[in-house]
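Worksheet: one structure, shown below.
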Amino acid sequence: MIDLSVQIGRLKLKNPVLLASGTVGYGNEIAEFTDLSKLGGIVTKSLSLKPRIGNPPQRICETASGMLNAIGLANVGVEVFIKEKIPFLKKLNTTIICNIAASSIEEYVECTRILTQEDAIAAFEINVSCPNVKEGGLEFGNNLQAVAKITEKVKAVTDKPVIIKLSPNVSRISEFAKIVKDNGGDAVSAINTLVGTAFDIWTRKPKIKNITGGLSGPAIKPVALAKVLEISRNVEIPIIGIGGIMNWKDAVEFMIVGASAFQIGTVNFINPKAGEEIIDGLIEYCKKMSINRISDLTASYEI
Amino acid sequence: MIDLSVQIGRLKLKNPVLLASGTVGYGNEIAEFTDLSKLGGIVTKSLSLKPRIGNPPQRICETASGMLNAIGLANVGVEVFIKEKIPFLKKLNTTIICNIAASSIEEYVECTRILTQEDAIAAFEINVSCPNVKEGGLEFGNNLQAVAKITEKVKAVTDKPVIIKLSPNVSRISEFAKIVKDNGGDAVSAINTLVGTAFDIWTRKPKIKNITGGLSGPAIKPVALAKVLEISRNVEIPIIGIGGIMNWKDAVEFMIVGASAFQIGTVNFINPKAGEEIIDGLIEYCKKMSINRISDLTASYEI
Amino acid sequence: MFTVLSTVESLERLNKNTFLLKVKAPQLATAIKPGQFCNIKVSDADYPLLRRPFSVCYTDGDTVYFMFDIQGEGTRILAEKKTGDQLDILGPLGNGFNTEGDFEVAVLIGGGIGVAPFPLLIKHLEGKEILTFVGARNSEQLIKWGMRNILVATDDGSEGFNGNVIAYFQSEANKLENKKIRIFGCGPNPMLKALQKVAEKKYDCQLSIESAMACGFGICQGCPVKKSDGMGYYLVCKDGPVFNSDQIVIE
Amino acid sequence: MFTVLSTVESLERLNKNTFLLKVKAPQLATAIKPGQFCNIKVSDADYPLLRRPFSVCYTDGDTVYFMFDIQGEGTRILAEKKTGDQLDILGPLGNGFNTEGDFEVAVLIGGGIGVAPFPLLIKHLEGKEILTFVGARNSEQLIKWGMRNILVATDDGSEGFNGNVIAYFQSEANKLENKKIRIFGCGPNPMLKALQKVAEKKYDCQLSIESAMACGFGICQGCPVKKSDGMGYYLVCKDGPVFNSDQIVIE
Ligand SMILES: Cc1cc2nc3c(=O)[nH]c(=O)nc-3n(C[C@H](O)[C@H](O)[C@H](O)COP(=O)(O)OP(=O)(O)OC[C@H]3O[C@@H](n4cnc5c(N)ncnc54)[C@H](O)[C@@H]3O)c2cc1C
Ligand SMILES: Cc1cc2nc3c(=O)[nH]c(=O)nc-3n(C[C@H](O)[C@H](O)[C@H](O)COP(=O)(O)OP(=O)(O)OC[C@H]3O[C@@H](n4cnc5c(N)ncnc54)[C@H](O)[C@@H]3O)c2cc1C
Ligand SMILES: Cc1cc2nc3c(=O)[nH]c(=O)nc-3n(C[C@H](O)[C@H](O)[C@H](O)COP(=O)(O)O)c2cc1C
Ligand SMILES: Cc1cc2nc3c(=O)[nH]c(=O)nc-3n(C[C@H](O)[C@H](O)[C@H](O)COP(=O)(O)O)c2cc1C
Ligand code: FES
Ligand code: FES
């Protein structure tokens, strides 16, 4: 028997497969396709204190081996989330990581303070890196002091593990991982989407109403791997790898370069059973490689 | 007749199509496939003062809609370039832009000082952004002060236009464009490759000996477009757009978001006649859109 | 909602740009309602990345029909499928047309490939009087497969009414004045916008609309359409693709 | 060097994993020398992105032959080509084997798909005595198409010599002692390394080597192989793919 469980700081997952924020909603639709209880966990859509209706259309567009999105953090807000979404999430029998995106440090703190009382939530992922909202998002994610402060203040209001989701749109992501660690953060997720755009050459208008969007999918995998490797080689902090994972091979690659667990995003849109299939693939791989504990893969690169 | 000529500061090109540094060598091999005299110009492989043998294999690997390279700036050095390559380049009847990559500010200056005496060279492109050499490269490209100094010092030793090739591996590329402008730079090229990596899951070794490489090709086009747009909206400086251009449509997109000219790189490996084909496509597009001067396309986005 | 590996039974060319694809997919064929759509993976590889949404055109026993126009790379690949090929389909998606309720005449108005969902709709409208307005640029691009009581309009007048399909409907509408009608519209946005205006406060009207989509089943939030009450957005894939004409604002 | 749009004449399966592809490409057929290769665009789309390099296997009139193993996505797509399909080929590339000079016996040693360039080489070796050592994992994977005077070695002993092809050659080498021989080797790196050692200072030996490649014609510098004199790198695509055994260091 292969031990698939992994530990992200104090957070134990039955396996390293997480569904990424913004790519599973609140779990209900995807549950029709796949048995979520088999997964390591799901990360819920970024929540803000008040509901957000999101950006006007067009919100997405396909690119070479990738897609751009500017959803604008459409979400139901903390109150409705607790009332309407948590009851369903509770029944899933998988680890629930609650992702929070806010426009001010105070809002991050306030959301966490309220949500930490919910037993269903095992940990928080703090999204300081959404490129698609004007007020906060990118500004925070590219600012070491802001990330330090958010980490520190959020930690102060919750006992649950706090994971900071980092922006790839920076020169040295490891500096951000370090500041998260120094301010008590339990782990980092890397990466969120890259800022990108696309224009219609006949109308000369952006294909996405928000002008720029976040690039995800296989196109960004090499960048994401390099970011995870950079953190892994420079900072001692658990890493959740994200970016372009389509199958178990990609997932293994992320663990090798340093990830303790990983999230799958865009692939859920194409193959909502990808999470389960990846678990099967991981087991086969471990057998072939005579690996007993999947966590031994983490940062097992040979350089 | 459509006027295809474009002006990059003081540099006039017969059309906006340039072949990117490192993807045409010194022009001789690709000349077998395509009539280089039809193109706007070619940018020669990054030169350093002394020859460099480059990185050990494996230097390249394919990724989803992209490729990683870590050539390590293999080049013949300034002396051999002048003696052996310039005579051929002279005969091409196209604009020659000489790209320089160095490990110190002094080396940049020294290379430029020597090369500026060559009539065949119309302009310099200063590569402050190669991710694949340890000493300089990335360090310079991510450091505003270094870019300022390189621009200023290189400008001091040449009367020819100086184009600074910017790194995309930064938070705000427009800050770099601004510092180039403030220090007398004539134009910027954007973008160089994104830092990326790939690992073999069976050996757990990097697929590229240098561990990380530069990501190019269609995968990076959305990122490159966003960087060009960011510069275009924030700094008044001519921009040469680069990144993932495969055909005339991609080229038009770059001009719409702000490029005065553009460079094609990876596509030369796949279709060495791409440059000529793009010119044909541009002409057709202009006809359809009733555009008389291609330069009217630059920054013609409707936002 | 589920994914199935269907088998291509045939691919037929209906006109220069339009194809009729039949796949064997028993589970889907049973589950589908008119106006619903499926999200199809056009190739085994990760390219093109996203699935492509297509209305279900018709079902017959175990067989599901799709009608599509070649638009770009994805539909080009789809048009190369051969009998026996496997096709990964996700569906059924969306809400479909509401055929319940009290009306005598079903007026179907379709522009271009917008007629795709009508054959199955017609099957479900048994017992009603049906009129199908079919519009196209020219007679070569007209799609008549599976339609009933066809009234043709072409932009260039090469067949039928000379003009757009909404104008044609308006010119014929007086003949329907004494009957209780319900309109089912599907086509490009400008057409739907015009239809919406015509229907305003006058006709019972359902519109099937398109949107860029990533998932097709409600998890990406990529497919918003503005609610007419100003209270944010519906998701086209989940809340639609069929809406009552007065529910939404078409851009 | 040029690009041509060739037409697929046939695709034949030689064994479980190996295919023989024939394309009509007159200009190429005339230009090509044994040991040269071509860089093939396996699909019309931008996916897979890069061309795939393949040795020319044989030429016959206007027809060029390639022999290939399915390895990954690119060769999988190539194996689906049908008669009449167009194929964009860039070539001829590299330097090819040197068949000039003074030798009596040509000893061809190939491992796996490494035998691909031998049929054309054999054609150009007319008048010489030829011995072809063909190695494979097992008899199922042996490739004999277009070879002459075949000496078989299989790793599992299922056919011919039980062991690798270099060991087999060594065991036979004494029979050639009085003749002037030239070795032509092609196959996986470990095999070539072993052959290089065997040939050292003893045999005239040319090796055709592989490398990851982007362009195939000398502009990307992606395909270095270390020079044995320590003075940097050769480019496999331009300076090779055939090298004298003592010119290079194989990793
Ligand atoms: C609910 C729904 C039902 C549809 N039913 C049909 C149908 O029955 N028959 C038919 O021919 N077409 C239908 N379409 C449109 C069809 O999805 C597009 O023509 C197809 O996605 C184009 O893909 P492509 O790769 O050929 O084009 P490309 O232009 O290369 O596609 C690029 C991207 O844009 C998206 N896209 C392009 N056009 C559209 C569009 N009109 N709507 C949504 N996304 C688009 C693609 O999905 C892809 O992600 C429907 C669309 C929706 C949303
Ligand atoms: C000069 C030369 C001649 C060759 N001749 C033949 C031949 O005659 N018959 C044959 O079957 N194969 C030959 N090969 C190997 C062939 O190029 C690869 O098998 C093929 O590129 C694999 O592509 P893929 O997409 O199927 O595999 P993937 O593994 O999916 O390819 C991924 C990437 O790796 C590269 N790659 C993978 N394997 C190799 C390899 N062995 N050498 C170089 N690049 C590789 C591909 O080109 C691609 O860029 C030759 C290679 C070289 C360099
Ligand atoms: C449509 C869409 C919506 C997303 N929404 C969020 C979000 O609300 N919060 C967040 O932290 N990340 C969000 N992301 C980013 C993903 O969680 C993930 O970091 C990114 O997509 C890269 O992974 P992938 O390549 O596997 O998709 C979103 C991504 C997509 C494609
Ligand atoms: C193999 C390779 C070598 C390159 N070498 C250089 C170089 O020497 N100097 C430089 O400034 N850029 C170099 N580049 C970067 C390109 O000039 C270009 O900026 C980048 O590839 C993005 O454009 P593309 O997507 O069109 O390839 C190289 C790119 C590739 C793929
Ligand atoms: S397409 Fe994903 S929510 Fe509608
Ligand atoms: S493959 Fe490009 S130089 Fe050899």
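Naming works like this for the structure tokens: A, B, ... for the chains as they're shown, residue 1 at the start of each chain, ligands 1 onward in shown order.
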
Inset, instruction - Could you tell me, as a PyMOL selection string, which residues of segment 10-165 of chain C DSSP assigns to helix (DSSP H, G or I) when given the backbone? - result: chain C and resi 26-31+73-78+112-115+118-124+139-141+165

Write to file, as a PDB file, in the first residue's frame, the residues of the selection just made, with N, CA and C atoms.
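Below you can see result-v8.pdb, which holds the result:
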ATOM      1  N   PRO C  26     -26.091   6.423 -26.255  1.00  0.00           N
ATOM      2  CA  PRO C  26     -27.424   6.079 -25.735  1.00  0.00           C
ATOM      3  C   PRO C  26     -27.826   6.876 -24.495  1.00  0.00           C
ATOM      4  N   GLN C  27     -26.900   6.985 -23.566  1.00  0.00           N
ATOM      5  CA  GLN C  27     -27.198   7.646 -22.301  1.00  0.00           C
ATOM      6  C   GLN C  27     -27.597   9.095 -22.542  1.00  0.00           C
ATOM      7  N   LEU C  28     -26.839   9.732 -23.419  1.00  0.00           N
ATOM      8  CA  LEU C  28     -27.119  11.128 -23.761  1.00  0.00           C
ATOM      9  C   LEU C  28     -28.448  11.256 -24.489  1.00  0.00           C
ATOM     10  N   ALA C  29     -28.634  10.369 -25.462  1.00  0.00           N
ATOM     11  CA  ALA C  29     -29.838  10.435 -26.297  1.00  0.00           C
ATOM     12  C   ALA C  29     -31.090  10.386 -25.437  1.00  0.00           C
ATOM     13  N   THR C  30     -31.040   9.628 -24.378  1.00  0.00           N
ATOM     14  CA  THR C  30     -32.182   9.508 -23.486  1.00  0.00           C
ATOM     15  C   THR C  30     -32.360  10.752 -22.629  1.00  0.00           C
ATOM     16  N   ALA C  31     -31.267  11.319 -22.207  1.00  0.00           N
ATOM     17  CA  ALA C  31     -31.320  12.391 -21.207  1.00  0.00           C
ATOM     18  C   ALA C  31     -31.658  13.753 -21.779  1.00  0.00           C
ATOM     19  N   GLU C  73     -10.444  26.554 -35.727  1.00  0.00           N
ATOM     20  CA  GLU C  73      -9.654  25.327 -35.632  1.00  0.00           C
ATOM     21  C   GLU C  73     -10.468  24.147 -35.063  1.00  0.00           C
ATOM     22  N   GLY C  74     -11.230  24.410 -34.017  1.00  0.00           N
ATOM     23  CA  GLY C  74     -11.959  23.328 -33.356  1.00  0.00           C
ATOM     24  C   GLY C  74     -12.990  22.681 -34.267  1.00  0.00           C
ATOM     25  N   THR C  75     -13.765  23.485 -34.930  1.00  0.00           N
ATOM     26  CA  THR C  75     -14.787  22.930 -35.821  1.00  0.00           C
ATOM     27  C   THR C  75     -14.149  22.332 -37.079  1.00  0.00           C
ATOM     28  N   ARG C  76     -12.995  22.841 -37.469  1.00  0.00           N
ATOM     29  CA  ARG C  76     -12.276  22.251 -38.599  1.00  0.00           C
ATOM     30  C   ARG C  76     -11.875  20.807 -38.257  1.00  0.00           C
ATOM     31  N   ILE C  77     -11.376  20.634 -37.056  1.00  0.00           N
ATOM     32  CA  ILE C  77     -10.988  19.287 -36.608  1.00  0.00           C
ATOM     33  C   ILE C  77     -12.222  18.389 -36.536  1.00  0.00           C
ATOM     34  N   LEU C  78     -13.317  18.939 -36.015  1.00  0.00           N
ATOM     35  CA  LEU C  78     -14.550  18.158 -35.892  1.00  0.00           C
ATOM     36  C   LEU C  78     -15.033  17.690 -37.267  1.00  0.00           C
ATOM     37  N   GLY C 112     -28.856  31.620 -39.617  1.00  0.00           N
ATOM     38  CA  GLY C 112     -27.633  30.849 -39.846  1.00  0.00           C
ATOM     39  C   GLY C 112     -27.689  29.520 -39.129  1.00  0.00           C
ATOM     40  N   ILE C 113     -26.576  29.160 -38.478  1.00  0.00           N
ATOM     41  CA  ILE C 113     -26.483  27.882 -37.775  1.00  0.00           C
ATOM     42  C   ILE C 113     -27.373  27.884 -36.523  1.00  0.00           C
ATOM     43  N   GLY C 114     -27.977  29.030 -36.235  1.00  0.00           N
ATOM     44  CA  GLY C 114     -28.900  29.139 -35.101  1.00  0.00           C
ATOM     45  C   GLY C 114     -30.080  28.186 -35.194  1.00  0.00           C
ATOM     46  N   VAL C 115     -30.337  27.651 -36.379  1.00  0.00           N
ATOM     47  CA  VAL C 115     -31.431  26.689 -36.515  1.00  0.00           C
ATOM     48  C   VAL C 115     -31.079  25.327 -35.913  1.00  0.00           C
ATOM     49  N   PHE C 118     -33.443  23.323 -33.655  1.00  0.00           N
ATOM     50  CA  PHE C 118     -34.857  23.251 -34.029  1.00  0.00           C
ATOM     51  C   PHE C 118     -35.379  21.842 -34.333  1.00  0.00           C
ATOM     52  N   PRO C 119     -34.618  20.995 -35.003  1.00  0.00           N
ATOM     53  CA  PRO C 119     -35.192  19.665 -35.301  1.00  0.00           C
ATOM     54  C   PRO C 119     -35.678  18.928 -34.056  1.00  0.00           C
ATOM     55  N   LEU C 120     -34.890  18.954 -32.983  1.00  0.00           N
ATOM     56  CA  LEU C 120     -35.327  18.272 -31.768  1.00  0.00           C
ATOM     57  C   LEU C 120     -36.498  19.010 -31.123  1.00  0.00           C
ATOM     58  N   LEU C 121     -36.448  20.323 -31.209  1.00  0.00           N
ATOM     59  CA  LEU C 121     -37.541  21.120 -30.668  1.00  0.00           C
ATOM     60  C   LEU C 121     -38.849  20.775 -31.392  1.00  0.00           C
ATOM     61  N   ILE C 122     -38.751  20.683 -32.699  1.00  0.00           N
ATOM     62  CA  ILE C 122     -39.931  20.360 -33.512  1.00  0.00           C
ATOM     63  C   ILE C 122     -40.514  19.008 -33.105  1.00  0.00           C
ATOM     64  N   LYS C 123     -39.609  18.049 -32.856  1.00  0.00           N
ATOM     65  CA  LYS C 123     -40.038  16.719 -32.414  1.00  0.00           C
ATOM     66  C   LYS C 123     -40.855  16.818 -31.121  1.00  0.00           C
ATOM     67  N   HIS C 124     -40.443  17.705 -30.238  1.00  0.00           N
ATOM     68  CA  HIS C 124     -41.109  17.842 -28.947  1.00  0.00           C
ATOM     69  C   HIS C 124     -42.343  18.733 -29.007  1.00  0.00           C
ATOM     70  N   SER C 139     -28.870  31.680 -50.512  1.00  0.00           N
ATOM     71  CA  SER C 139     -29.525  30.375 -50.622  1.00  0.00           C
ATOM     72  C   SER C 139     -28.534  29.236 -50.397  1.00  0.00           C
ATOM     73  N   GLU C 140     -27.269  29.482 -50.721  1.00  0.00           N
ATOM     74  CA  GLU C 140     -26.258  28.435 -50.525  1.00  0.00           C
ATOM     75  C   GLU C 140     -26.047  28.091 -49.057  1.00  0.00           C
ATOM     76  N   GLN C 141     -26.294  29.054 -48.202  1.00  0.00           N
ATOM     77  CA  GLN C 141     -26.024  28.827 -46.782  1.00  0.00           C
ATOM     78  C   GLN C 141     -27.282  28.462 -45.989  1.00  0.00           C
ATOM     79  N   VAL C 165     -34.417  37.747 -41.384  1.00  0.00           N
ATOM     80  CA  VAL C 165     -35.476  36.835 -40.975  1.00  0.00           C
ATOM     81  C   VAL C 165     -36.455  37.493 -39.993  1.00  0.00           C
TER      82      VAL C 165
END

Inset, instruction - With a cut-off of 12 Å and counting only C-alpha atoms, select all residues of chain A in contact with chain D and give the selection as a list of chain:residue names. - result: A:Thr63, A:Ala64, A:Ser65

Inset, instruction - Residues within 6 Å of ligand 4 should be enumerated using only C-alpha atoms and all ligand atoms and returned as a ChimeraX atom specification. - result: /B:20-23,45-46,69,73,127,191-193,216-217,242-245,264-266 /D:220

For a quick test of understanding: name the residues of chain A lying within 6 Å of chain B when counting only C-alpha atoms, and present them as a PDB file with N, CA, C and O atoms, in the first residue's frame.
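Dumped everything to iface.pdb:
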ATOM      1  N   ALA A  64      -3.180  29.889 -27.070  1.00  0.00           N
ATOM      2  CA  ALA A  64      -2.426  28.682 -27.400  1.00  0.00           C
ATOM      3  C   ALA A  64      -2.119  27.897 -26.127  1.00  0.00           C
ATOM      4  O   ALA A  64      -1.399  28.383 -25.254  1.00  0.00           O
ATOM      5  N   SER A  65      -2.695  26.715 -26.014  1.00  0.00           N
ATOM      6  CA  SER A  65      -2.516  25.856 -24.840  1.00  0.00           C
ATOM      7  C   SER A  65      -2.837  26.554 -23.527  1.00  0.00           C
ATOM      8  O   SER A  65      -2.264  26.213 -22.484  1.00  0.00           O
ATOM      9  N   ASN A 169       3.644  37.162 -11.120  1.00  0.00           N
ATOM     10  CA  ASN A 169       4.004  38.356 -11.882  1.00  0.00           C
ATOM     11  C   ASN A 169       5.012  39.215 -11.126  1.00  0.00           C
ATOM     12  O   ASN A 169       4.840  40.414 -10.967  1.00  0.00           O
ATOM     13  N   VAL A 170       6.053  38.562 -10.620  1.00  0.00           N
ATOM     14  CA  VAL A 170       7.094  39.236  -9.851  1.00  0.00           C
ATOM     15  C   VAL A 170       8.451  38.694 -10.297  1.00  0.00           C
ATOM     16  O   VAL A 170       8.526  37.645 -10.942  1.00  0.00           O
ATOM     17  N   SER A 171       9.518  39.405  -9.934  1.00  0.00           N
ATOM     18  CA  SER A 171      10.856  38.966 -10.343  1.00  0.00           C
ATOM     19  C   SER A 171      11.332  37.773  -9.528  1.00  0.00           C
ATOM     20  O   SER A 171      11.833  36.807 -10.061  1.00  0.00           O
ATOM     21  N   VAL A 195      -0.464  37.577 -15.939  1.00  0.00           N
ATOM     22  CA  VAL A 195      -1.225  38.624 -16.632  1.00  0.00           C
ATOM     23  C   VAL A 195      -1.023  38.506 -18.143  1.00  0.00           C
ATOM     24  O   VAL A 195       0.109  38.404 -18.618  1.00  0.00           O
ATOM     25  N   GLY A 196      -2.120  38.479 -18.860  1.00  0.00           N
ATOM     26  CA  GLY A 196      -2.033  38.375 -20.314  1.00  0.00           C
ATOM     27  C   GLY A 196      -3.182  39.103 -20.974  1.00  0.00           C
ATOM     28  O   GLY A 196      -4.125  39.537 -20.310  1.00  0.00           O
ATOM     29  N   THR A 197      -3.109  39.220 -22.276  1.00  0.00           N
ATOM     30  CA  THR A 197      -4.227  39.802 -23.006  1.00  0.00           C
ATOM     31  C   THR A 197      -4.296  39.248 -24.422  1.00  0.00           C
ATOM     32  O   THR A 197      -3.386  38.529 -24.869  1.00  0.00           O
ATOM     33  N   ALA A 198      -5.385  39.552 -25.099  1.00  0.00           N
ATOM     34  CA  ALA A 198      -5.565  39.149 -26.496  1.00  0.00           C
ATOM     35  C   ALA A 198      -6.497  40.174 -27.124  1.00  0.00           C
ATOM     36  O   ALA A 198      -7.412  40.671 -26.460  1.00  0.00           O
ATOM     37  N   ILE A 201      -8.278  41.464 -34.025  1.00  0.00           N
ATOM     38  CA  ILE A 201      -7.609  42.339 -34.997  1.00  0.00           C
ATOM     39  C   ILE A 201      -8.608  43.056 -35.915  1.00  0.00           C
ATOM     40  O   ILE A 201      -8.228  43.993 -36.601  1.00  0.00           O
ATOM     41  N   ARG A 204     -10.194  45.625 -33.129  1.00  0.00           N
ATOM     42  CA  ARG A 204      -9.114  46.237 -32.340  1.00  0.00           C
ATOM     43  C   ARG A 204      -9.491  46.398 -30.872  1.00  0.00           C
ATOM     44  O   ARG A 204      -8.907  47.193 -30.147  1.00  0.00           O
ATOM     45  N   LYS A 205     -10.466  45.621 -30.465  1.00  0.00           N
ATOM     46  CA  LYS A 205     -10.862  45.651 -29.055  1.00  0.00           C
ATOM     47  C   LYS A 205     -10.273  44.454 -28.326  1.00  0.00           C
ATOM     48  O   LYS A 205     -10.030  43.409 -28.939  1.00  0.00           O
ATOM     49  N   PRO A 218      -1.892  24.621 -19.684  1.00  0.00           N
ATOM     50  CA  PRO A 218      -0.583  24.029 -19.978  1.00  0.00           C
ATOM     51  C   PRO A 218       0.482  25.037 -20.419  1.00  0.00           C
ATOM     52  O   PRO A 218       1.663  24.828 -20.162  1.00  0.00           O
ATOM     53  N   ALA A 219       0.058  26.112 -21.061  1.00  0.00           N
ATOM     54  CA  ALA A 219       1.012  27.117 -21.522  1.00  0.00           C
ATOM     55  C   ALA A 219       1.900  27.619 -20.395  1.00  0.00           C
ATOM     56  O   ALA A 219       3.073  27.919 -20.603  1.00  0.00           O
ATOM     57  N   PRO A 222       5.604  25.535 -17.579  1.00  0.00           N
ATOM     58  CA  PRO A 222       7.045  25.712 -17.368  1.00  0.00           C
ATOM     59  C   PRO A 222       7.365  26.860 -16.410  1.00  0.00           C
ATOM     60  O   PRO A 222       8.288  26.764 -15.603  1.00  0.00           O
ATOM     61  N   VAL A 223       6.576  27.935 -16.495  1.00  0.00           N
ATOM     62  CA  VAL A 223       6.791  29.081 -15.613  1.00  0.00           C
ATOM     63  C   VAL A 223       6.461  28.699 -14.176  1.00  0.00           C
ATOM     64  O   VAL A 223       7.224  28.986 -13.242  1.00  0.00           O
ATOM     65  N   LEU A 225       6.452  25.745 -12.793  1.00  0.00           N
ATOM     66  CA  LEU A 225       7.458  24.822 -12.269  1.00  0.00           C
ATOM     67  C   LEU A 225       8.707  25.580 -11.830  1.00  0.00           C
ATOM     68  O   LEU A 225       9.299  25.276 -10.783  1.00  0.00           O
ATOM     69  N   ALA A 226       9.110  26.559 -12.623  1.00  0.00           N
ATOM     70  CA  ALA A 226      10.308  27.329 -12.281  1.00  0.00           C
ATOM     71  C   ALA A 226      10.088  28.118 -10.991  1.00  0.00           C
ATOM     72  O   ALA A 226      10.998  28.254 -10.167  1.00  0.00           O
ATOM     73  N   GLU A 253       5.685  16.072 -11.781  1.00  0.00           N
ATOM     74  CA  GLU A 253       6.719  17.075 -12.064  1.00  0.00           C
ATOM     75  C   GLU A 253       6.698  18.179 -10.996  1.00  0.00           C
ATOM     76  O   GLU A 253       7.755  18.613 -10.512  1.00  0.00           O
ATOM     77  N   TYR A 301      14.090  16.397  -6.720  1.00  0.00           N
ATOM     78  CA  TYR A 301      14.833  16.687  -7.948  1.00  0.00           C
ATOM     79  C   TYR A 301      16.305  16.335  -7.805  1.00  0.00           C
ATOM     80  O   TYR A 301      16.866  16.421  -6.728  1.00  0.00           O
ATOM     81  N   GLU A 302      16.890  15.957  -8.916  1.00  0.00           N
ATOM     82  CA  GLU A 302      18.336  15.682  -8.933  1.00  0.00           C
ATOM     83  C   GLU A 302      19.000  16.704  -9.829  1.00  0.00           C
ATOM     84  O   GLU A 302      18.905  16.629 -11.050  1.00  0.00           O
TER      85      GLU A 302
END

Legend entry - Near-ligand residues for ligand 5, threshold 9 Å, only C-alpha atoms and all ligand atoms, as a ChimeraX atom specification: /A:23,25,269 /C:211-224,235-239

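The shortest atom-to-atom distance to ligand 3, with only C-alpha atoms and all ligand atoms taken into account, belongs to A:Glu125 out of A:Glu106, A:Glu118, A:Glu84, A:Glu125.
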
Legend entry - Contacts of Asn93 of chain B at 12 Å (only C-alpha atoms; same-chain gap of 5+ positions) as a PyMOL selection string: chain B and resi 13-14+27+31+35-42+87-88+120-122

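Atom CA of Asn268 of chain A lies 14.0 Å from atom CA of Met1 of chain C.
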